[in-house]
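Peer 1: Sharing my_file-v6.cif (mmCIF, C-alpha atoms and all ligand atoms) below.
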data_coords
#
loop_
_atom_site.label_atom_id
_atom_site.label_comp_id
_atom_site.auth_asym_id
_atom_site.auth_seq_id
_atom_site.Cartn_x
_atom_site.Cartn_y
_atom_site.Cartn_z
CA MET A 148 0.00 0.00 0.00
CA ILE A 149 1.18 3.48 -0.66
CA ASN A 150 1.81 5.43 2.51
CA ARG A 151 1.48 9.15 3.00
CA ARG A 152 5.19 9.83 2.40
CA LYS A 153 5.28 7.75 -0.77
CA PHE A 154 2.12 9.42 -1.91
CA LEU A 155 3.70 12.84 -1.42
CA GLU A 156 6.76 11.73 -3.37
CA SER A 157 4.74 10.34 -6.25
CA ALA A 158 2.51 13.41 -6.27
CA ALA A 159 5.57 15.64 -6.38
CA ALA A 160 7.05 13.56 -9.20
CA LEU A 161 3.83 14.01 -11.11
CA GLY A 162 3.85 17.73 -10.44
CA ILE A 163 0.59 17.64 -8.49
CA ILE A 164 1.95 18.69 -5.14
CA GLY A 165 -0.42 21.65 -5.03
CA ALA A 166 -3.39 19.35 -5.40
CA LEU A 167 -2.91 16.61 -2.84
CA PRO A 168 -6.14 14.88 -1.85
CA THR A 169 -6.12 15.80 1.82
CA LYS A 170 -5.62 19.45 0.98
CA VAL A 171 -8.01 19.65 -1.92
CA LEU A 172 -10.60 17.36 -0.42
CA LYS A 173 -11.13 19.96 2.26
CA ALA A 174 -11.19 22.74 -0.31
CA GLY A 175 -13.46 20.81 -2.68
CA ASN A 176 -17.04 21.98 -2.89
CA SER A 177 -19.30 20.40 -5.47
CA LYS A 178 -21.57 23.46 -5.58
CA THR A 179 -18.88 25.53 -7.22
CA SER A 180 -18.37 23.27 -10.23
CA LEU A 181 -21.93 22.50 -11.28
CA GLY A 182 -24.65 24.39 -13.13
CA LYS A 183 -22.42 26.73 -15.11
CA SER A 184 -20.83 26.69 -18.55
CA TYR A 185 -17.06 26.84 -18.42
CA LYS A 186 -14.91 28.40 -21.08
CA LEU A 187 -13.28 25.76 -23.29
CA PRO A 188 -11.10 23.71 -23.02
CA ILE A 189 -12.28 21.54 -20.13
CA ILE A 190 -10.85 18.27 -18.79
CA LEU A 191 -12.89 16.20 -16.32
CA SER A 192 -11.77 12.94 -14.73
CA THR A 193 -12.40 10.50 -11.90
CA TRP A 194 -10.74 10.52 -8.47
CA SER A 195 -7.59 12.32 -7.32
CA HIS A 196 -5.40 10.53 -9.87
CA GLY A 197 -7.37 12.72 -12.29
CA ILE A 198 -5.35 15.75 -11.19
CA GLY A 199 -2.10 14.47 -12.73
CA ALA A 200 -3.98 13.10 -15.74
CA ASN A 201 -5.78 16.42 -16.31
CA ASP A 202 -2.49 18.32 -16.13
CA GLU A 203 -0.97 16.15 -18.84
CA SER A 204 -4.11 16.37 -20.98
CA MET A 205 -4.18 20.15 -20.74
CA LYS A 206 -0.48 20.33 -21.68
CA VAL A 207 -1.27 18.41 -24.87
CA LEU A 208 -4.14 20.77 -25.76
CA GLU A 209 -2.10 23.85 -24.94
CA SER A 210 0.71 22.69 -27.17
CA GLY A 211 -1.73 22.31 -30.08
CA GLY A 212 -2.38 18.56 -29.78
CA SER A 213 -5.70 16.99 -30.71
CA VAL A 214 -8.37 16.15 -28.15
CA ILE A 215 -7.81 12.42 -28.78
CA ASP A 216 -4.06 12.86 -28.07
CA ALA A 217 -5.01 14.78 -24.93
CA VAL A 218 -7.24 12.06 -23.45
CA GLU A 219 -4.76 9.28 -24.31
CA LYS A 220 -1.73 11.08 -22.87
CA GLY A 221 -3.70 12.15 -19.80
CA VAL A 222 -4.66 8.66 -18.66
CA MET A 223 -1.18 7.35 -19.41
CA ILE A 224 -0.04 9.16 -16.23
CA PRO A 225 -1.96 6.93 -13.78
CA GLU A 226 -1.36 3.90 -16.04
CA GLY A 227 2.41 4.37 -15.62
CA ASP A 228 2.30 5.07 -11.87
CA PRO A 229 3.35 1.95 -9.89
CA ASN A 230 1.79 3.44 -6.75
CA ASN A 231 -1.64 3.38 -8.34
CA HIS A 232 -3.10 -0.07 -7.69
CA SER A 233 -6.15 0.12 -9.89
CA VAL A 234 -4.70 1.16 -13.26
CA GLY A 235 -1.88 -0.20 -15.44
CA LEU A 236 1.53 -0.83 -13.86
CA GLY A 237 1.20 -1.91 -10.21
CA GLY A 238 -2.49 -2.78 -10.57
CA TYR A 239 -3.85 -5.42 -8.20
CA PRO A 240 -3.99 -8.84 -9.90
CA ASP A 241 -6.91 -11.20 -10.39
CA ILE A 242 -7.59 -14.20 -8.15
CA THR A 243 -4.80 -16.18 -9.87
CA GLY A 244 -2.19 -13.44 -9.39
CA LYS A 245 -2.22 -12.10 -12.98
CA VAL A 246 -2.71 -8.39 -13.73
CA THR A 247 -5.32 -8.00 -16.50
CA LEU A 248 -6.23 -4.62 -17.93
CA ASP A 249 -9.26 -3.07 -19.62
CA ALA A 250 -9.35 0.24 -21.54
CA SER A 251 -11.32 2.18 -24.12
CA ILE A 252 -11.05 5.40 -26.07
CA MET A 253 -13.55 7.33 -28.20
CA GLY A 254 -13.07 10.39 -30.37
CA PRO A 255 -15.05 13.26 -31.89
CA ASP A 256 -15.50 11.38 -35.16
CA GLY A 257 -17.50 8.67 -33.36
CA ASN A 258 -14.68 6.16 -33.77
CA ALA A 259 -13.94 3.97 -30.76
CA GLY A 260 -11.52 1.28 -29.65
CA GLY A 261 -10.92 -0.93 -26.66
CA VAL A 262 -8.95 -3.78 -25.18
CA CYS A 263 -9.88 -6.12 -22.39
CA TYR A 264 -8.29 -8.95 -20.40
CA LEU A 265 -4.92 -7.66 -21.65
CA GLU A 266 -1.73 -8.64 -19.82
CA ASN A 267 1.82 -7.25 -19.69
CA ILE A 268 1.21 -3.88 -21.33
CA VAL A 269 1.67 -0.73 -19.22
CA HIS A 270 -0.47 1.48 -21.46
CA PRO A 271 -3.59 -0.43 -22.59
CA ILE A 272 -5.08 2.91 -23.68
CA SER A 273 -2.50 3.16 -26.46
CA VAL A 274 -3.44 -0.32 -27.67
CA ALA A 275 -7.12 0.70 -27.55
CA ARG A 276 -6.25 3.71 -29.71
CA LYS A 277 -4.50 1.49 -32.23
CA VAL A 278 -7.52 -0.84 -32.32
CA MET A 279 -9.62 2.25 -33.06
CA GLU A 280 -7.34 3.71 -35.73
CA ASP A 281 -5.72 0.69 -37.37
CA THR A 282 -8.47 -1.95 -37.44
CA PRO A 283 -12.14 -2.17 -38.46
CA HIS A 284 -12.90 -3.52 -34.94
CA VAL A 285 -13.85 -1.95 -31.63
CA LEU A 286 -12.66 -4.45 -29.01
CA LEU A 287 -9.77 -6.93 -28.85
CA SER A 288 -9.32 -9.25 -25.88
CA GLY A 289 -6.70 -11.33 -24.07
CA SER A 290 -3.97 -13.02 -26.06
CA GLY A 291 -5.31 -11.52 -29.32
CA ALA A 292 -5.03 -8.00 -27.90
CA LEU A 293 -1.50 -8.75 -26.64
CA LYS A 294 -0.42 -10.16 -30.02
CA PHE A 295 -1.83 -7.06 -31.73
CA ALA A 296 0.01 -4.75 -29.29
CA LEU A 297 3.32 -6.56 -29.89
CA GLU A 298 2.82 -6.39 -33.67
CA LYS A 299 2.37 -2.64 -33.26
CA GLY A 300 5.78 -2.45 -31.57
CA ILE A 301 4.49 -2.00 -28.01
CA LYS A 302 6.82 -3.65 -25.48
CA GLU A 303 5.75 -6.38 -23.05
CA GLU A 304 6.48 -5.72 -19.36
CA ASP A 305 5.77 -7.40 -16.05
CA LEU A 306 3.15 -5.22 -14.32
CA LEU A 307 3.05 -7.01 -10.98
CA THR A 308 4.90 -5.06 -8.26
CA GLU A 309 5.90 -6.23 -4.76
CA GLU A 310 3.54 -3.66 -3.26
CA ALA A 311 0.61 -4.88 -5.39
CA ILE A 312 1.28 -8.49 -4.32
CA LYS A 313 1.20 -7.39 -0.67
CA GLY A 314 -2.09 -5.52 -1.08
CA TRP A 315 -3.62 -8.35 -3.11
CA LYS A 316 -2.75 -10.88 -0.37
CA GLU A 317 -4.61 -8.69 2.12
CA VAL A 318 -7.66 -8.68 -0.18
CA LEU A 319 -7.49 -12.49 -0.49
CA LYS A 320 -7.54 -12.84 3.31
CA LYS A 321 -10.83 -10.94 3.61
CA GLU A 322 -13.91 -13.06 4.07
CA ASN A 323 -16.12 -10.41 2.51
CA LYS A 324 -14.82 -9.94 -1.03
CA THR A 325 -17.25 -7.11 -1.85
CA PRO A 326 -14.99 -4.28 -3.02
CA GLU A 327 -14.43 -1.60 -0.43
CA ILE A 328 -16.09 1.57 -1.70
CA ASN A 329 -14.34 4.94 -1.77
CA TRP A 330 -10.98 3.28 -1.17
CA GLU A 331 -9.17 6.52 -1.85
CA GLU A 332 -11.00 8.46 0.85
CA LYS A 333 -10.43 5.76 3.48
CA HIS A 334 -6.86 4.77 2.71
CA ASN A 335 -5.47 7.96 1.16
CA GLU A 336 -4.43 5.73 -1.70
CA LEU A 337 -4.83 6.36 -5.39
CA HIS A 338 -7.57 3.99 -6.44
CA ASP A 339 -10.14 2.99 -9.01
CA THR A 340 -10.70 3.46 -12.71
CA ILE A 341 -9.53 6.61 -14.41
CA GLY A 342 -12.19 7.90 -16.77
CA LEU A 343 -11.24 11.18 -18.45
CA ILE A 344 -13.42 13.24 -20.80
CA ALA A 345 -12.34 16.42 -22.53
CA ILE A 346 -13.51 19.19 -24.83
CA ASP A 347 -11.08 21.41 -26.74
CA THR A 348 -11.41 25.01 -27.93
CA LYS A 349 -12.98 23.81 -31.21
CA SER A 350 -15.72 22.10 -29.12
CA ASP A 351 -14.46 18.65 -30.08
CA LEU A 352 -15.03 15.96 -27.44
CA ALA A 353 -13.12 12.76 -26.63
CA GLY A 354 -12.74 10.33 -23.74
CA ALA A 355 -10.51 7.59 -22.35
CA CYS A 356 -11.12 5.03 -19.63
CA THR A 357 -8.57 2.54 -18.22
CA THR A 358 -8.34 0.16 -15.26
CA SER A 359 -6.91 -3.04 -13.83
CA GLY A 360 -10.43 -3.74 -12.56
CA LEU A 361 -11.43 -5.28 -9.28
CA ALA A 362 -8.66 -6.60 -7.05
CA ALA A 363 -8.74 -10.42 -6.93
CA LYS A 364 -11.48 -10.61 -9.57
CA LEU A 365 -12.26 -13.99 -11.14
CA ARG A 366 -9.89 -14.97 -13.94
CA GLY A 367 -11.39 -13.70 -17.19
CA ARG A 368 -13.61 -11.04 -15.62
CA VAL A 369 -14.00 -7.91 -17.74
CA GLY A 370 -15.60 -4.77 -16.35
CA ASP A 371 -17.34 -1.75 -17.83
CA SER A 372 -14.24 0.28 -18.75
CA PRO A 373 -13.51 -1.27 -22.19
CA ILE A 374 -17.19 -1.45 -23.16
CA ILE A 375 -18.24 1.49 -25.30
CA GLY A 376 -21.49 2.83 -23.86
CA ALA A 377 -20.79 1.39 -20.39
CA GLY A 378 -17.53 2.86 -19.02
CA LEU A 379 -17.24 5.54 -21.71
CA TYR A 380 -19.31 7.22 -24.39
CA VAL A 381 -18.78 10.27 -26.59
CA ASP A 382 -21.14 11.91 -29.07
CA ASN A 383 -19.55 15.00 -30.53
CA GLU A 384 -22.94 16.67 -31.10
CA ILE A 385 -24.06 16.21 -27.50
CA GLY A 386 -21.40 15.42 -24.92
CA ALA A 387 -19.36 12.73 -23.20
CA ALA A 388 -19.69 10.54 -20.11
CA THR A 389 -17.55 8.11 -18.15
CA ALA A 390 -17.99 5.81 -15.15
CA THR A 391 -16.05 4.42 -12.20
CA GLY A 392 -16.85 1.86 -9.52
CA MET A 393 -18.32 -1.63 -9.64
CA GLY A 394 -18.45 -2.15 -13.40
CA GLU A 395 -21.19 -4.77 -13.38
CA LEU A 396 -23.77 -2.15 -12.32
CA VAL A 397 -22.71 0.18 -15.12
CA MET A 398 -22.81 -2.64 -17.68
CA LYS A 399 -26.34 -3.62 -16.63
CA THR A 400 -27.57 -0.08 -17.33
CA LEU A 401 -25.13 1.02 -20.10
CA GLY A 402 -24.39 3.99 -17.83
CA SER A 403 -22.30 6.28 -20.05
CA PHE A 404 -24.53 5.83 -23.11
CA LEU A 405 -27.56 6.46 -20.91
CA VAL A 406 -26.09 9.74 -19.62
CA VAL A 407 -25.34 11.00 -23.15
CA GLU A 408 -28.80 9.97 -24.41
CA MET A 409 -30.45 11.80 -21.54
CA MET A 410 -28.43 14.89 -22.44
CA ARG A 411 -29.59 14.47 -26.05
CA ASN A 412 -33.16 14.53 -24.72
CA GLY A 413 -32.59 17.81 -22.93
CA ALA A 414 -31.18 16.91 -19.51
CA SER A 415 -28.25 18.95 -18.21
CA PRO A 416 -25.09 16.88 -17.53
CA GLN A 417 -25.90 16.96 -13.80
CA GLU A 418 -29.52 15.88 -14.32
CA ALA A 419 -28.34 13.13 -16.67
CA CYS A 420 -25.85 11.74 -14.12
CA GLU A 421 -28.50 11.83 -11.40
CA LYS A 422 -31.07 10.04 -13.58
CA ALA A 423 -28.55 7.38 -14.62
CA ILE A 424 -27.61 6.69 -10.98
CA LYS A 425 -31.33 6.54 -10.14
CA ARG A 426 -31.71 3.95 -12.92
CA ILE A 427 -29.11 1.77 -11.17
CA VAL A 428 -30.84 2.30 -7.82
CA ASP A 429 -34.19 1.30 -9.36
CA LYS A 430 -33.00 -1.63 -11.46
CA VAL A 431 -30.02 -3.25 -9.75
CA LEU A 432 -31.13 -5.14 -6.68
CA ASN A 433 -27.83 -5.28 -4.79
CA HIS A 434 -26.70 -1.72 -5.64
CA LYS A 435 -26.51 -0.71 -1.96
CA LYS A 436 -23.33 -2.77 -1.58
CA TYR A 437 -21.46 -0.82 -4.22
CA GLN A 438 -20.21 2.55 -5.41
CA ILE A 439 -20.64 3.99 -8.90
CA GLY A 440 -19.51 7.47 -9.90
CA LEU A 441 -20.58 9.07 -13.18
CA LEU A 442 -19.16 12.15 -14.90
CA ALA A 443 -20.60 14.06 -17.84
CA LEU A 444 -19.47 16.95 -20.01
CA SER A 445 -21.71 18.75 -22.50
CA LYS A 446 -20.90 20.34 -25.83
CA THR A 447 -21.67 23.69 -24.19
CA GLY A 448 -19.10 23.27 -21.41
CA GLU A 449 -21.34 22.24 -18.52
CA ILE A 450 -20.34 19.35 -16.30
CA GLY A 451 -22.17 16.77 -14.19
CA ALA A 452 -21.01 14.41 -11.41
CA TYR A 453 -23.03 12.06 -9.22
CA SER A 454 -22.57 8.79 -7.34
CA ILE A 455 -24.54 6.15 -5.47
CA GLN A 456 -22.61 6.52 -2.23
CA PRO A 457 -21.02 9.65 -0.76
CA GLY A 458 -17.26 9.99 -1.24
CA PHE A 459 -16.79 10.09 -5.01
CA TYR A 460 -14.24 12.73 -6.02
CA TYR A 461 -13.58 14.14 -9.46
CA ALA A 462 -10.88 16.36 -10.92
CA LEU A 463 -11.90 19.33 -13.05
CA PHE A 464 -9.43 21.40 -15.07
CA ALA A 465 -11.26 24.47 -16.37
CA GLU A 466 -10.50 28.16 -16.73
CA GLY A 467 -6.89 27.75 -15.62
CA GLU A 468 -7.56 25.74 -12.44
CA ASN A 469 -7.17 22.00 -11.87
CA LYS A 470 -9.08 21.08 -8.72
CA LEU A 471 -10.65 18.13 -6.95
CA PHE A 472 -14.35 18.21 -6.00
CA LYS A 473 -16.64 15.92 -4.05
CA ALA A 474 -19.68 14.79 -6.06
CA LYS A 475 -23.21 14.81 -4.71
CA SER A 476 -24.61 11.34 -4.10
CA TYR A 477 -27.93 9.48 -4.05
CA TYR A 478 -27.41 8.16 -0.53
CA LYS A 479 -26.09 10.60 2.04
CA ILE A 480 -24.54 7.92 4.22
CA HIS A 481 -22.88 4.72 3.05
CA THR A 482 -25.35 1.86 2.64
CA ASN A 483 -22.84 -0.98 2.44
CA GLN A 484 -21.63 -0.87 6.03
N1 LIG A 501 -15.05 0.13 -13.21
C1 LIG A 501 -13.99 -0.73 -13.36
C2 LIG A 501 -14.31 -2.15 -13.18
O1 LIG A 501 -15.35 -2.49 -12.63
O2 LIG A 501 -13.51 -2.96 -13.58
#
Could you write out this file's structure as structure tokens?
Peer 2:
Amino acid sequence: MINRRKFLESAAALGIIGALPTKVLKAGNSKTSLGKSYKLPIILSTWSHGIGANDESMKVLESGGSVIDAVEKGVMIPEGDPNNHSVGLGGYPDITGKVTLDASIMGPDGNAGGVCYLENIVHPISVARKVMEDTPHVLLSGSGALKFALEKGIKEEDLLTEEAIKGWKEVLKKENKTPEINWEEKHNELHDTIGLIAIDTKSDLAGACTTSGLAAKLRGRVGDSPIIGAGLYVDNEIGAATATGMGELVMKTLGSFLVVEMMRNGASPQEACEKAIKRIVDKVLNHKKYQIGLLALSKTGEIGAYSIQPGFYYALFAEGENKLFKAKSYYKIHTNQ
């Protein structure tokens, strides 16, 4: 597990020292980020690892890069961080001790790509982008995705770190394997899927979503993150949405697609996120055991954020400031404890 000192070091290395969770969590106030249209560009992403990702994304946009470059490069920051145990390198392994990764990317032209059940590749998002750009397909899985990555010149690497093995062993010891919600808030540890959505100054939208999935998941389990419409969806006429948390709940309701469709039908991004969480609450029987966080960004520069349980944080880079906010939630106190 990452401790406070290591966290400070990694945050400093990532250049996010001014935006450490404990500092910004206190400063965060969801009221200030909702219900207004921000000037473009805007980058919006899940959890505190979103701060470093947003910074990188904004750098790409500011140096004239495309919005698809911006979302890819942004999420590569948590993917490459060995102290982040839910994305890329250093991710917690599945029940058999193998790290398997899921990722997806979608651009303003409606093109999309994903990989799932992929091993030994630090940046699954870059493989997802190559699936999108270099094949007629949307999703490659497992050994096929790895073979494709290697053919594209991407190097194989062992992703399992000593620290991840230690944390994984602790998870295996637990009788109750239901994932602990809001891990980041409780353990001050970077955790969970990074979903990042962005709009550039030309009003073009894109998104990227990447994760190592649930710690100690069953071998072969794939979550919502690589599934277009579940973990990520972009419609350049309307807006973009992404999801984090227990992927099965998002998959059962096609959460990100639902948010964008609600925006198409006139809902604001905030209303759309709230309605999509309500859909999970209404339709998924065991939802009280889990956390889901949804983010949305509209073509007009409004944002939305909402979760089932309290404690979902999101990073917003808009109008020159990159800050962490706490989302509003359906339940006001945790229902899984
Ligand atoms: N949301 C990520 C997962 O469930 O794998």
Peer 1: Given 6 Å on each side, where is the centre and what are the edge lengths in Å to one decimal of the axis-aligned box enclosing the listed atoms of segment 250-268 of chain A, as AutoDock Vina command-line options?
Peer 2:
--center_x -7.8 --center_y 2.2 --center_z -27.4 --size_x 31.3 --size_y 34.2 --size_z 27.5
Peer 1: Check which residues of segment 180-202 of chain A sit at most 12 Å from segment 412-423 of chain A using all atoms listed in the file, and return one row each with the closest pair of atoms and their distance in Å to one decimal, ordered by chain and rising number, as a tab-separated table.
Peer 2:
residue	atom	partner	partner_atom	distance
A:Ser180	CA	A:Gln417	CA	10.5
A:Leu181	CA	A:Gln417	CA	7.3
A:Gly182	CA	A:Gln417	CA	7.6
A:Lys183	CA	A:Ser415	CA	10.2
A:Ser184	CA	A:Ser415	CA	10.7
Peer 1: Would you kindly return, as a ChimeraX atom specification, each protein, DNA or RNA residue with an atom no farther than 7 Å from any atom of segment 403-406 of chain A, considering all atoms listed in the file and excluding same-chain residues fewer than 4 positions away?
Peer 2: /A:376-380,388-390,410,419-420,423
Peer 1: Find the residues around segment 260-270 of chain A up to 8 Å (only C-alpha atoms counted), leave out those fewer than 3 positions away in its own chain, and share them as a ChimeraX atom specification.
Peer 2: /A:223,226-227,235-236,245-253,273-280,284-290,292-293,301-306,367-369,373-375
Peer 1: Name each residue within 7 Å of ligand LIG 501 (chain A), counting only C-alpha atoms and all ligand atoms, as a PyMOL selection string.
Peer 2: chain A and resi 339-340+358-361+369-372+378+390-395
Peer 1: Could you check how far atom CA of Tyr437 of chain A sits from atom CA of Lys479 of chain A, in Å to one decimal?
Peer 2: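 Straight-line distance from atom CA of Tyr437 of chain A to atom CA of Lys479 of chain A works out to 13.8 Å.
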Peer 1: In the coordinates of the file, take the point (-26.4, -2.3, -13.8) and a cut-off of 10 Å; then, counting only C-alpha atoms, name each qualifying protein, DNA or RNA residue as a list in words.
Peer 2: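 I get Asp371, Ala377, Met393, Gly394, Glu395, Leu396, Val397, Met398, Lys399, Thr400, Leu401, Gly402, Ala423, Ile424, Arg426, Ile427, Val428, Asp429, Lys430, Val431, Leu432, Asn433, His434 and Ile439 of chain A for the residues within 10 Å of that point.
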Peer 1: I'd like to know which of A:Asn483, A:Ser476, A:Ser350, A:Asn469 is closest to Glu203 of chain A, using only C-alpha atoms.
Peer 2: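 Checking each candidate against Glu203 of chain A, we get A:Asn469 as the closest.
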Peer 1: Taking only C-alpha atoms into account, which of A:Tyr185, A:Trp194, A:Phe472, A:Tyr239 comes nearest Ile450 of chain A?
Peer 2: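 Comparing A:Tyr185, A:Trp194, A:Phe472, A:Tyr239 against Ile450 of chain A, the winner is A:Tyr185.
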Peer 1: May I ask for the distance between atom CA of Leu191 of chain A and atom CA of Ile344 of chain A, given in Å to one decimal place?
Peer 2: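 So the two atoms, atom CA of Leu191 of chain A and atom CA of Ile344 of chain A, lie 5.4 Å apart.
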Peer 1: Which one is closest to Ser210 of chain A: A:Gly448, A:Leu365, A:Asp347, A:Met409? Count all atoms listed in the file.
Peer 2: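 Closest to Ser210 of chain A, using all atoms listed in the file: A:Asp347.
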Peer 1: Counting all atoms listed in the file, figure out which residue out of A:Gln456, A:Thr482, A:Asn383, A:Asn231 gets nearest to Leu444 of chain A.
Peer 2: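 Using all atoms listed in the file, the shortest distance to Leu444 of chain A belongs to A:Asn383.
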Peer 1: Report the distance between atom CA of Met205 of chain A and atom CA of Gly300 of chain A in Å, rounded to one decimal place.
Peer 2: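 Pair atom CA of Met205 of chain A / atom CA of Gly300 of chain A returns 27.0 Å.
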Peer 1: In terms of the shortest atom-to-atom distance over all atoms listed in the file, which of A:Val222, A:Ile480, A:Cys356, A:Ala452 is closest to Lys435 of chain A?
Peer 2: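 Closest to Lys435 of chain A, using all atoms listed in the file: A:Ile480.
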Peer 1: Restricting the calculation to all atoms listed in the file, which member of A:Gly342, A:Gly467, A:Gly386, A:Gly212 is positioned closest to Gly440 of chain A?
Peer 2: A:Gly342
